[in-house]
Amino acid sequence: MEIASGPSSRRHSGRLPHIHKVERPPKQNLLRDIQDSLKETFFSDEPLRPYKDQPGPRKFLLFLQHFFPILEWGRTYNLSKFRGDLIAGLTIASLCVPQDIAYAKLANLEPQYGLYSSFVPPLIYAFMGSSRDIAIGPVAVVSLLLGTLLQNEIPDSQANKLAYRRLAFTATFFAGITQFALGFFRLGFLIDFLSHAAIVGFMAGAAVTIALQQLKGLLGIKNFTKKTDIVSVMRSVWSAARHGWNWQTIVIGLSFLAFLLFAKYIGKKNKKFFWVAAIAPLTSVVIATFFVGITHAEKQGVSIVRHIDRGINPSSFHEIHWTGEFLLKGLRIGVVAGMVALTEAVAIGRTFAAMKDYQLDGNKEMVALGSMNIVGSMTSCYVATGSFSRSAVNFMAGCKTAVSNIVMSCVVLLTLVLITPLFKYTPNAVLASIIIAAVVGLVDIGAVILLWKIDKFDFVACMGAFFGVIFKSVEIGLLIAVAISFAKILLQVTRPRTALLGKLPGTNVYRNVEQYSNATTVPGILIIRVDSAIYFSNSNYIKERILRWLSNEEEEAKKLNQSGIQFIVIEMSPVTDIDTSGIHSFEELHKTLQHREVQLVLANPAPIVTEKLYESKFVNLIGEDKIYLSVADAVTTLTPKTQEP
């Protein structure tokens with residue numbers, strides 16, 4: 001409970017202002033404290049509130065709606081909404097089919113597995129997901145990450161297709177388990193430990209790496225490095241420059257890359273023409289396939305897809321490793337891929353939810369994403385998640401609900417059953433150009449510039465993740481991103497900011513003297529604000545920092561022949577909590593100040609801090625008269641004492 005301050009204590013009525021006493025808050029029950037802490041950590045959204053005072057059948061319906069939101073919004077679904085979803089679904093299907101074939105190659109899988117992953121997972125998500133705008137399917141970054149991690153375990157994916165595919169399905173299964181567990185046990189806050197700056201750098205680095213990998217298909221190189229770092233890739237490209245490049249392939253690739261980038265530019269320049277960018281990949285595939293087919297350019301060295309299995313997803317339950325050494329390898333790869341996929345999907349979902357002004361349940365999203373990947377792993381799919389490019393098209397095409405994903409799945413189903421033989425002559429150069437055009441948007445230069453302007457540490461985190469990806473590997477870049485994110489948290493916790501406060505002229509307000517140049521310090525009184533909770537990790541630093549402030553101010557006072565500091569007032573408003581180490585450091589600070597004939601004073605401690613100070617007897621140590629409701633109250637009371645002999 002907050003301590004009511006009542007009217008301002010600065011009432012100028014010709015007498016001394018009334019000084020409010022800091023009251024001790026009511027003692028809290030330990031069990032209640034634990035319950036409140038757990039509730040705020042895991043159940044801050046009060047998921048059980050809708051069930052209160054509801055009859056049994058209604059509770060059962062609410063339970064089903066919680067896991068299957070389609071049962072809730074489906075009751076108000078109408079033809080008008082379906083019209084918007086149908087147009088959006090057809091539009092994103094035209095984008096996803098060529099992208100899926102291309103992304104499967106990134107994961108070193110056969111093309112049909114990309115299409116499989118845009119058939120089953122979107123259907124599951126449509127029933128369980130809470131986002132109206134996310135378009136589900138394979139994405140470039142996760143495909144590259146999965147392909148890289150799988151290739152580390154099985155280097156030759158072509159010679160060991162079955163083993164590679166089994167490990168991919170095993171990793172997808174554990175990616176789904178990871179996502180489901182985080183949502184079910186309400187641990188979604190863990191993904192927030194990957195900072196925005198680290199994500200920006202990681203995504204940009206992954207985009208550059210993906211684009212460099214496509215030089216194989218774009219230039220028609222047959223012998224290409226399996227490594228992903230920029231040095232190895234460029235060495236492989238230049239070593240093949242004399243005899244390994246195919247000019248027909250280069251013409252095809254660069255022509256369609258220019259077309260795709262131009263279409264993307266038109267769609268970005270005028271939102272009304274978003275559909276131009278959406279259908280450009282499919283248009284490129286159709287045109288390129290037609291001309292390669294009638295000219296038989298494959299005989300001139302142009303690499304083509306050649307074969308895509310026809311039919312719907314076969315069962316892969318029996319291919320998942322349930323025992324053996326590959327079980328643990330699949331678990332490790334799945335956890336990493338699942339977390340990255342989850343971070344991307346939740347970020348996309350929150351972005352579009354904010355744009356349409358509706359609430360997105362993060363934990364429910366994780367359960368939905370996990371469920372679709374678990375089912376997907378048993379139906380020949382690899383890790384699927386929310387695609388930003390497809391979701392943006394879905395949004396601009398006017399989708400109303402997740403039915404657009406169902407429409408997209410139906411189109412992919414028709415493609416698998418009827419059209420896949422037509423992709424036989426699709427040149428790999430076009431697929432490479434589609435991937436390059438898709439990942440260009442992942443390099444957010446504006447965000448990097450903003451990071452530099454706002455927070456240099458965030459910029460370092462961004463660049464660390466970026467260079468880690470392009471110069472070493474995707475997993476190293478991800479590790480650097482996570483490490484720097486944690487380092488920032490530790491730095492902020494262990495080295496919190498402190499500020500010297502001064503009084504603003506004509507007011508009783510005390511602010512940071514570095515921010516307000518006209519703020520003046522009070523002779524004989526040093527006012528310091530601590531901008532953090534005080535824990536074992538920072539208590540010694542805060543104590544030492546306060547003593548440094550004292551030493552600096554006393555040196556300045558000597559230079560100016562002024563009286564020394566007699567009181568240190570610590571502004572406690574930002575201090576949300578304090579532990580035993582923090583209280584112990586305050587006790588040590590009090591003893592040190594006594595030796596220097598300086599008195600310790602606290603201003604405006606929070607209720608929980610006040611309670612702990614009373615329980616630890618620290619209030620008895622310094623005296624109740626040394627704790628004030630505000631800095632102004634403390635200064636009003638202490639100023640006359642500084643003028644005494």
# chains A, B, ... in the order shown; residues from 1 in each chain; ligands from 1
call {"tool": "residues_around", "arguments": {"residues": "region 382-388 of chain A", "least_positions_apart": "6", "cutoff": "7 Å", "atoms": "only C-alpha atoms", "output": "ChimeraX atom specification"}}
result
/A:117,121,134-139,168-169,172,341,344-345,348,369,373,376
call {"tool": "residues_around", "arguments": {"residues": "Tyr116 (chain A)", "least_positions_apart": "4", "cutoff": "10 Å", "atoms": "only C-alpha atoms", "output": "MDAnalysis selection string"}}
result
chainID A and resid 100:101 104 111:112 120:121 137:138 311:314 376 379:382 409 412:413 416
call {"tool": "closest_atom_pairs", "arguments": {"of": "region 282-340 of chain A", "to": "region 433-440 of chain A", "cutoff": "12 Å", "atoms": "only C-alpha atoms", "output": "Markdown table"}}
result
| residue | atom | partner | partner_atom | distance |
| --- | --- | --- | --- | --- |
| A:Leu282 | CA | A:Ile434 | CA | 9.3 |
| A:Thr283 | CA | A:Ile434 | CA | 10.9 |
| A:Ser284 | CA | A:Ile434 | CA | 8.5 |
| A:Val285 | CA | A:Ile434 | CA | 9.1 |
| A:Ala288 | CA | A:Ser433 | CA | 11.6 |
call {"tool": "write_last_selection", "arguments": {"atoms": "N, CA, C and O atoms", "output": "mmCIF file, in the first residue's frame"}}
result
data_model
loop_
_atom_site.group_PDB
_atom_site.id
_atom_site.type_symbol
_atom_site.label_atom_id
_atom_site.label_comp_id
_atom_site.auth_asym_id
_atom_site.auth_seq_id
_atom_site.Cartn_x
_atom_site.Cartn_y
_atom_site.Cartn_z
ATOM 1 N N LEU A 282 5.971 -15.351 -57.354
ATOM 2 C CA LEU A 282 5.295 -16.386 -58.139
ATOM 3 C C LEU A 282 5.382 -16.066 -59.634
ATOM 4 O O LEU A 282 5.595 -16.968 -60.457
ATOM 5 N N THR A 283 5.235 -14.802 -59.970
ATOM 6 C CA THR A 283 5.362 -14.389 -61.375
ATOM 7 C C THR A 283 6.748 -14.730 -61.914
ATOM 8 O O THR A 283 6.893 -15.228 -63.038
ATOM 9 N N SER A 284 7.767 -14.472 -61.083
ATOM 10 C CA SER A 284 9.149 -14.775 -61.487
ATOM 11 C C SER A 284 9.332 -16.265 -61.728
ATOM 12 O O SER A 284 9.957 -16.679 -62.723
ATOM 13 N N VAL A 285 8.791 -17.069 -60.828
ATOM 14 C CA VAL A 285 8.921 -18.526 -60.965
ATOM 15 C C VAL A 285 8.226 -19.015 -62.229
ATOM 16 O O VAL A 285 8.772 -19.833 -62.986
ATOM 17 N N ALA A 288 10.221 -17.708 -65.418
ATOM 18 C CA ALA A 288 11.528 -18.365 -65.534
ATOM 19 C C ALA A 288 11.367 -19.842 -65.869
ATOM 20 O O ALA A 288 12.108 -20.380 -66.719
#
call {"tool": "residues_around", "arguments": {"residues": "Glu587 (chain A)", "least_positions_apart": "2", "cutoff": "10 Å", "atoms": "only C-alpha atoms", "output": "list of chain:residue names"}}
result
A:Lys543, A:Ser581, A:Gly582, A:Ile583, A:His584, A:Ser585, A:Leu589, A:His590, A:Lys591, A:Thr592, A:Leu593, A:Leu600, A:Phe618, A:Leu621, A:Ile622
call {"tool": "residues_around", "arguments": {"residues": "region 324-332 of chain A", "least_positions_apart": "3", "cutoff": "6 Å", "atoms": "only C-alpha atoms", "output": "VMD selection string"}}
result
chain A and resid 167 170 to 171 174 321 335
call {"tool": "write_last_selection", "arguments": {"atoms": "all heavy atoms", "output": "mmCIF file, in the first residue's frame"}}
result
data_model
loop_
_atom_site.group_PDB
_atom_site.id
_atom_site.type_symbol
_atom_site.label_atom_id
_atom_site.label_comp_id
_atom_site.auth_asym_id
_atom_site.auth_seq_id
_atom_site.Cartn_x
_atom_site.Cartn_y
_atom_site.Cartn_z
ATOM 1 N N LEU A 167 16.909 -36.146 -38.247
ATOM 2 C CA LEU A 167 17.379 -35.202 -37.234
ATOM 3 C C LEU A 167 16.610 -33.888 -37.330
ATOM 4 O O LEU A 167 16.307 -33.257 -36.304
ATOM 5 C CB LEU A 167 18.880 -34.958 -37.407
ATOM 6 C CG LEU A 167 19.557 -34.092 -36.333
ATOM 7 C CD1 LEU A 167 19.350 -34.702 -34.942
ATOM 8 C CD2 LEU A 167 21.044 -33.929 -36.622
ATOM 9 N N THR A 170 13.327 -34.445 -35.645
ATOM 10 C CA THR A 170 13.550 -34.535 -34.194
ATOM 11 C C THR A 170 13.750 -33.143 -33.601
ATOM 12 O O THR A 170 13.184 -32.812 -32.554
ATOM 13 C CB THR A 170 14.781 -35.411 -33.886
ATOM 14 O OG1 THR A 170 14.630 -36.690 -34.501
ATOM 15 C CG2 THR A 170 14.964 -35.595 -32.385
ATOM 16 N N ALA A 171 14.546 -32.312 -34.285
ATOM 17 C CA ALA A 171 14.776 -30.932 -33.824
ATOM 18 C C ALA A 171 13.474 -30.136 -33.843
ATOM 19 O O ALA A 171 13.194 -29.353 -32.927
ATOM 20 C CB ALA A 171 15.825 -30.253 -34.706
ATOM 21 N N PHE A 174 11.333 -31.058 -30.812
ATOM 22 C CA PHE A 174 11.784 -30.443 -29.558
ATOM 23 C C PHE A 174 11.654 -28.923 -29.590
ATOM 24 O O PHE A 174 11.521 -28.288 -28.540
ATOM 25 C CB PHE A 174 13.214 -30.876 -29.244
ATOM 26 C CG PHE A 174 13.302 -32.270 -28.700
ATOM 27 C CD1 PHE A 174 13.879 -33.290 -29.437
ATOM 28 C CD2 PHE A 174 12.772 -32.571 -27.457
ATOM 29 C CE1 PHE A 174 13.941 -34.584 -28.944
ATOM 30 C CE2 PHE A 174 12.831 -33.861 -26.941
ATOM 31 C CZ PHE A 174 13.410 -34.876 -27.695
ATOM 32 N N HIS A 321 13.734 -39.353 -33.776
ATOM 33 C CA HIS A 321 14.594 -40.125 -32.866
ATOM 34 C C HIS A 321 14.014 -40.065 -31.454
ATOM 35 O O HIS A 321 13.971 -39.001 -30.834
ATOM 36 C CB HIS A 321 16.017 -39.557 -32.860
ATOM 37 C CG HIS A 321 16.768 -39.781 -34.127
ATOM 38 N ND1 HIS A 321 17.291 -41.003 -34.494
ATOM 39 C CD2 HIS A 321 17.083 -38.930 -35.142
ATOM 40 C CE1 HIS A 321 17.899 -40.901 -35.666
ATOM 41 N NE2 HIS A 321 17.785 -39.656 -36.082
ATOM 42 N N VAL A 335 15.864 -26.682 -29.214
ATOM 43 C CA VAL A 335 15.705 -25.609 -28.223
ATOM 44 C C VAL A 335 16.164 -24.275 -28.811
ATOM 45 O O VAL A 335 15.478 -23.248 -28.681
ATOM 46 C CB VAL A 335 16.494 -25.933 -26.933
ATOM 47 C CG1 VAL A 335 16.551 -24.720 -26.015
ATOM 48 C CG2 VAL A 335 15.850 -27.104 -26.201
#
call {"tool": "closest_residue", "arguments": {"among": "A:Ala337, A:Val200, A:Ala632, A:Ala280", "to": "Ile445 (chain A)", "atoms": "only C-alpha atoms"}}
result
A:Val200
call {"tool": "residues_around", "arguments": {"residues": "Asp458 (chain A)", "least_positions_apart": "6", "cutoff": "12 Å", "atoms": "only C-alpha atoms", "output": "list of chain:residue names"}}
result
A:Leu194, A:Ser195, A:His196, A:Ala197, A:Ala198, A:Ile199, A:Val200, A:Gly201, A:Ala447, A:Val448, A:Ile449, A:Leu450, A:Leu451, A:Trp452, A:Gly464, A:Ala465, A:Ala481, A:Ile484, A:Ser485, A:Phe486, A:Ala487, A:Lys488, A:Ile489
call {"tool": "write_last_selection", "arguments": {"atoms": "N, CA, C and O atoms", "output": "PDB file, in the first residue's frame"}}
result
ATOM      1  N   LEU A 194      16.377 -11.530 -24.614  1.00  0.00           N
ATOM      2  CA  LEU A 194      17.094 -11.205 -25.847  1.00  0.00           C
ATOM      3  C   LEU A 194      16.688  -9.792 -26.237  1.00  0.00           C
ATOM      4  O   LEU A 194      15.567  -9.560 -26.671  1.00  0.00           O
ATOM      5  N   SER A 195      17.596  -8.850 -26.067  1.00  0.00           N
ATOM      6  CA  SER A 195      17.250  -7.438 -26.239  1.00  0.00           C
ATOM      7  C   SER A 195      16.943  -7.105 -27.695  1.00  0.00           C
ATOM      8  O   SER A 195      17.356  -7.808 -28.628  1.00  0.00           O
ATOM      9  N   HIS A 196      16.232  -6.000 -27.885  1.00  0.00           N
ATOM     10  CA  HIS A 196      15.890  -5.540 -29.234  1.00  0.00           C
ATOM     11  C   HIS A 196      17.153  -5.260 -30.045  1.00  0.00           C
ATOM     12  O   HIS A 196      17.231  -5.596 -31.234  1.00  0.00           O
ATOM     13  N   ALA A 197      18.152  -4.665 -29.403  1.00  0.00           N
ATOM     14  CA  ALA A 197      19.403  -4.347 -30.098  1.00  0.00           C
ATOM     15  C   ALA A 197      20.090  -5.609 -30.601  1.00  0.00           C
ATOM     16  O   ALA A 197      20.579  -5.661 -31.740  1.00  0.00           O
ATOM     17  N   ALA A 198      20.114  -6.648 -29.766  1.00  0.00           N
ATOM     18  CA  ALA A 198      20.750  -7.906 -30.163  1.00  0.00           C
ATOM     19  C   ALA A 198      19.981  -8.563 -31.304  1.00  0.00           C
ATOM     20  O   ALA A 198      20.578  -9.128 -32.228  1.00  0.00           O
ATOM     21  N   ILE A 199      18.655  -8.466 -31.271  1.00  0.00           N
ATOM     22  CA  ILE A 199      17.830  -9.048 -32.333  1.00  0.00           C
ATOM     23  C   ILE A 199      18.074  -8.328 -33.657  1.00  0.00           C
ATOM     24  O   ILE A 199      18.190  -8.960 -34.710  1.00  0.00           O
ATOM     25  N   VAL A 200      18.161  -6.987 -33.606  1.00  0.00           N
ATOM     26  CA  VAL A 200      18.419  -6.203 -34.823  1.00  0.00           C
ATOM     27  C   VAL A 200      19.742  -6.627 -35.459  1.00  0.00           C
ATOM     28  O   VAL A 200      19.831  -6.855 -36.673  1.00  0.00           O
ATOM     29  N   GLY A 201      20.782  -6.758 -34.634  1.00  0.00           N
ATOM     30  CA  GLY A 201      22.093  -7.161 -35.148  1.00  0.00           C
ATOM     31  C   GLY A 201      22.099  -8.581 -35.665  1.00  0.00           C
ATOM     32  O   GLY A 201      22.672  -8.874 -36.724  1.00  0.00           O
ATOM     33  N   ALA A 447      17.134   1.441 -37.716  1.00  0.00           N
ATOM     34  CA  ALA A 447      17.155   1.005 -36.317  1.00  0.00           C
ATOM     35  C   ALA A 447      18.573   1.054 -35.754  1.00  0.00           C
ATOM     36  O   ALA A 447      18.771   1.414 -34.585  1.00  0.00           O
ATOM     37  N   VAL A 448      19.573   0.699 -36.574  1.00  0.00           N
ATOM     38  CA  VAL A 448      20.973   0.725 -36.128  1.00  0.00           C
ATOM     39  C   VAL A 448      21.406   2.163 -35.825  1.00  0.00           C
ATOM     40  O   VAL A 448      22.064   2.426 -34.805  1.00  0.00           O
ATOM     41  N   ILE A 449      21.035   3.101 -36.701  1.00  0.00           N
ATOM     42  CA  ILE A 449      21.371   4.518 -36.485  1.00  0.00           C
ATOM     43  C   ILE A 449      20.713   5.025 -35.204  1.00  0.00           C
ATOM     44  O   ILE A 449      21.326   5.756 -34.419  1.00  0.00           O
ATOM     45  N   LEU A 450      19.466   4.612 -34.985  1.00  0.00           N
ATOM     46  CA  LEU A 450      18.748   5.025 -33.780  1.00  0.00           C
ATOM     47  C   LEU A 450      19.419   4.473 -32.526  1.00  0.00           C
ATOM     48  O   LEU A 450      19.514   5.167 -31.504  1.00  0.00           O
ATOM     49  N   LEU A 451      19.899   3.236 -32.611  1.00  0.00           N
ATOM     50  CA  LEU A 451      20.611   2.643 -31.471  1.00  0.00           C
ATOM     51  C   LEU A 451      21.857   3.457 -31.136  1.00  0.00           C
ATOM     52  O   LEU A 451      22.171   3.680 -29.955  1.00  0.00           O
ATOM     53  N   TRP A 452      22.579   3.881 -32.171  1.00  0.00           N
ATOM     54  CA  TRP A 452      23.786   4.690 -31.955  1.00  0.00           C
ATOM     55  C   TRP A 452      23.450   6.005 -31.265  1.00  0.00           C
ATOM     56  O   TRP A 452      24.164   6.445 -30.365  1.00  0.00           O
ATOM     57  N   GLY A 464      27.978  -6.490 -32.193  1.00  0.00           N
ATOM     58  CA  GLY A 464      28.575  -7.751 -31.756  1.00  0.00           C
ATOM     59  C   GLY A 464      27.840  -8.944 -32.339  1.00  0.00           C
ATOM     60  O   GLY A 464      28.456  -9.891 -32.854  1.00  0.00           O
ATOM     61  N   ALA A 465      26.509  -8.897 -32.275  1.00  0.00           N
ATOM     62  CA  ALA A 465      25.703  -9.980 -32.851  1.00  0.00           C
ATOM     63  C   ALA A 465      25.874 -10.035 -34.363  1.00  0.00           C
ATOM     64  O   ALA A 465      26.002 -11.116 -34.951  1.00  0.00           O
ATOM     65  N   ALA A 481      24.738 -12.500 -29.098  1.00  0.00           N
ATOM     66  CA  ALA A 481      23.549 -11.678 -28.848  1.00  0.00           C
ATOM     67  C   ALA A 481      22.996 -11.925 -27.448  1.00  0.00           C
ATOM     68  O   ALA A 481      22.680 -10.984 -26.708  1.00  0.00           O
ATOM     69  N   ILE A 484      25.586 -10.651 -24.702  1.00  0.00           N
ATOM     70  CA  ILE A 484      25.607  -9.197 -24.555  1.00  0.00           C
ATOM     71  C   ILE A 484      24.325  -8.709 -23.877  1.00  0.00           C
ATOM     72  O   ILE A 484      24.350  -7.785 -23.059  1.00  0.00           O
ATOM     73  N   SER A 485      23.194  -9.350 -24.196  1.00  0.00           N
ATOM     74  CA  SER A 485      21.933  -8.985 -23.543  1.00  0.00           C
ATOM     75  C   SER A 485      22.021  -9.202 -22.040  1.00  0.00           C
ATOM     76  O   SER A 485      21.610  -8.351 -21.244  1.00  0.00           O
ATOM     77  N   PHE A 486      22.568 -10.359 -21.641  1.00  0.00           N
ATOM     78  CA  PHE A 486      22.730 -10.636 -20.214  1.00  0.00           C
ATOM     79  C   PHE A 486      23.756  -9.706 -19.583  1.00  0.00           C
ATOM     80  O   PHE A 486      23.591  -9.272 -18.437  1.00  0.00           O
ATOM     81  N   ALA A 487      24.826  -9.396 -20.327  1.00  0.00           N
ATOM     82  CA  ALA A 487      25.852  -8.490 -19.806  1.00  0.00           C
ATOM     83  C   ALA A 487      25.262  -7.121 -19.505  1.00  0.00           C
ATOM     84  O   ALA A 487      25.590  -6.494 -18.489  1.00  0.00           O
ATOM     85  N   LYS A 488      24.362  -6.663 -20.384  1.00  0.00           N
ATOM     86  CA  LYS A 488      23.732  -5.355 -20.160  1.00  0.00           C
ATOM     87  C   LYS A 488      22.875  -5.365 -18.900  1.00  0.00           C
ATOM     88  O   LYS A 488      22.899  -4.428 -18.099  1.00  0.00           O
ATOM     89  N   ILE A 489      22.116  -6.462 -18.735  1.00  0.00           N
ATOM     90  CA  ILE A 489      21.278  -6.588 -17.532  1.00  0.00           C
ATOM     91  C   ILE A 489      22.147  -6.581 -16.281  1.00  0.00           C
ATOM     92  O   ILE A 489      21.866  -5.869 -15.308  1.00  0.00           O
TER      93      ILE A 489
END
call {"tool": "residues_around", "arguments": {"residues": "Arg186 (chain A)", "least_positions_apart": "4", "cutoff": "8 Å", "atoms": "only C-alpha atoms", "output": "list in words"}}
result
Phe42, Phe43, Ala181, Leu182 and Asn363 of chain A
call {"tool": "atom_distance", "arguments": {"atom1": "CA of Gly244 (chain A)", "atom2": "CA of Gly217 (chain A)"}}
result
11.5 Å
call {"tool": "closest_residue", "arguments": {"among": "A:Gly183, A:Pro605, A:Gly334, A:Pro496", "to": "Asp577 (chain A)", "atoms": "only C-alpha atoms"}}
result
A:Pro605
call {"tool": "closest_residue", "arguments": {"among": "A:Leu418, A:Ile221, A:Leu79, A:Ala163", "to": "Glu319 (chain A)", "atoms": "only C-alpha atoms"}}
result
A:Ala163
call {"tool": "select_by_dssp", "arguments": {"residues": "region 100-320 of chain A", "states": "alpha helix (DSSP H)", "output": "ChimeraX atom specification"}}
result
/A:100-106,111-116,120-128,140-153,161-184,196-213,215-219,230-239,247-269,274-295
call {"tool": "atom_distance", "arguments": {"atom1": "CA of Phe180 (chain A)", "atom2": "CA of Leu149 (chain A)"}}
result
21.5 Å
call {"tool": "atom_distance", "arguments": {"atom1": "CA of Ala278 (chain A)", "atom2": "CA of Met408 (chain A)"}}
result
13.3 Å
call {"tool": "closest_residue", "arguments": {"among": "A:Ala277, A:Leu422, A:Val482, A:Leu115", "to": "Cys410 (chain A)", "atoms": "only C-alpha atoms"}}
result
A:Leu115
call {"tool": "decode", "arguments": {"residues": "region 523-530 of chain A", "atoms": "all heavy atoms", "output": "PDB file, in the first residue's frame"}}
result
ATOM      1  N   PRO A 523      23.728  24.020   1.205  1.00  0.00           N
ATOM      2  CA  PRO A 523      24.942  24.019   2.037  1.00  0.00           C
ATOM      3  C   PRO A 523      24.799  23.083   3.231  1.00  0.00           C
ATOM      4  O   PRO A 523      23.795  23.112   3.947  1.00  0.00           O
ATOM      5  CB  PRO A 523      25.058  25.481   2.492  1.00  0.00           C
ATOM      6  CG  PRO A 523      24.309  26.262   1.452  1.00  0.00           C
ATOM      7  CD  PRO A 523      23.190  25.390   1.013  1.00  0.00           C
ATOM      8  N   GLY A 524      25.794  22.233   3.428  1.00  0.00           N
ATOM      9  CA  GLY A 524      25.807  21.343   4.581  1.00  0.00           C
ATOM     10  C   GLY A 524      25.008  20.067   4.389  1.00  0.00           C
ATOM     11  O   GLY A 524      25.066  19.172   5.238  1.00  0.00           O
ATOM     12  N   ILE A 525      24.239  19.985   3.288  1.00  0.00           N
ATOM     13  CA  ILE A 525      23.409  18.798   3.056  1.00  0.00           C
ATOM     14  C   ILE A 525      23.706  18.244   1.663  1.00  0.00           C
ATOM     15  O   ILE A 525      23.629  18.966   0.674  1.00  0.00           O
ATOM     16  CB  ILE A 525      21.902  19.128   3.162  1.00  0.00           C
ATOM     17  CG1 ILE A 525      21.578  19.722   4.540  1.00  0.00           C
ATOM     18  CG2 ILE A 525      21.056  17.882   2.914  1.00  0.00           C
ATOM     19  CD1 ILE A 525      20.140  20.185   4.673  1.00  0.00           C
ATOM     20  N   LEU A 526      24.055  16.968   1.623  1.00  0.00           N
ATOM     21  CA  LEU A 526      24.307  16.290   0.353  1.00  0.00           C
ATOM     22  C   LEU A 526      23.100  15.396   0.041  1.00  0.00           C
ATOM     23  O   LEU A 526      22.763  14.507   0.827  1.00  0.00           O
ATOM     24  CB  LEU A 526      25.579  15.442   0.452  1.00  0.00           C
ATOM     25  CG  LEU A 526      25.977  14.631  -0.788  1.00  0.00           C
ATOM     26  CD1 LEU A 526      26.275  15.556  -1.953  1.00  0.00           C
ATOM     27  CD2 LEU A 526      27.183  13.748  -0.487  1.00  0.00           C
ATOM     28  N   ILE A 527      22.453  15.669  -1.097  1.00  0.00           N
ATOM     29  CA  ILE A 527      21.241  14.922  -1.467  1.00  0.00           C
ATOM     30  C   ILE A 527      21.571  14.027  -2.658  1.00  0.00           C
ATOM     31  O   ILE A 527      21.968  14.505  -3.722  1.00  0.00           O
ATOM     32  CB  ILE A 527      20.090  15.879  -1.832  1.00  0.00           C
ATOM     33  CG1 ILE A 527      19.874  16.901  -0.712  1.00  0.00           C
ATOM     34  CG2 ILE A 527      18.811  15.098  -2.099  1.00  0.00           C
ATOM     35  CD1 ILE A 527      18.966  18.047  -1.107  1.00  0.00           C
ATOM     36  N   ILE A 528      21.402  12.725  -2.461  1.00  0.00           N
ATOM     37  CA  ILE A 528      21.756  11.743  -3.489  1.00  0.00           C
ATOM     38  C   ILE A 528      20.548  10.855  -3.773  1.00  0.00           C
ATOM     39  O   ILE A 528      19.872  10.386  -2.848  1.00  0.00           O
ATOM     40  CB  ILE A 528      22.945  10.874  -3.036  1.00  0.00           C
ATOM     41  CG1 ILE A 528      24.181  11.752  -2.804  1.00  0.00           C
ATOM     42  CG2 ILE A 528      23.249   9.787  -4.070  1.00  0.00           C
ATOM     43  CD1 ILE A 528      25.325  11.020  -2.153  1.00  0.00           C
ATOM     44  N   ARG A 529      20.293  10.631  -5.060  1.00  0.00           N
ATOM     45  CA  ARG A 529      19.209   9.726  -5.449  1.00  0.00           C
ATOM     46  C   ARG A 529      19.804   8.431  -5.996  1.00  0.00           C
ATOM     47  O   ARG A 529      20.715   8.455  -6.824  1.00  0.00           O
ATOM     48  CB  ARG A 529      18.334  10.372  -6.522  1.00  0.00           C
ATOM     49  CG  ARG A 529      17.068   9.556  -6.849  1.00  0.00           C
ATOM     50  CD  ARG A 529      16.280  10.194  -7.972  1.00  0.00           C
ATOM     51  NE  ARG A 529      17.003  10.134  -9.231  1.00  0.00           N
ATOM     52  CZ  ARG A 529      17.041  11.126 -10.118  1.00  0.00           C
ATOM     53  NH1 ARG A 529      16.402  12.269  -9.891  1.00  0.00           N
ATOM     54  NH2 ARG A 529      17.720  10.990 -11.242  1.00  0.00           N
ATOM     55  N   VAL A 530      19.283   7.307  -5.522  1.00  0.00           N
ATOM     56  CA  VAL A 530      19.691   5.984  -6.009  1.00  0.00           C
ATOM     57  C   VAL A 530      18.604   5.486  -6.957  1.00  0.00           C
ATOM     58  O   VAL A 530      17.450   5.339  -6.562  1.00  0.00           O
ATOM     59  CB  VAL A 530      19.882   4.991  -4.843  1.00  0.00           C
ATOM     60  CG1 VAL A 530      20.261   3.615  -5.377  1.00  0.00           C
ATOM     61  CG2 VAL A 530      20.941   5.502  -3.884  1.00  0.00           C
TER      62      VAL A 530
END
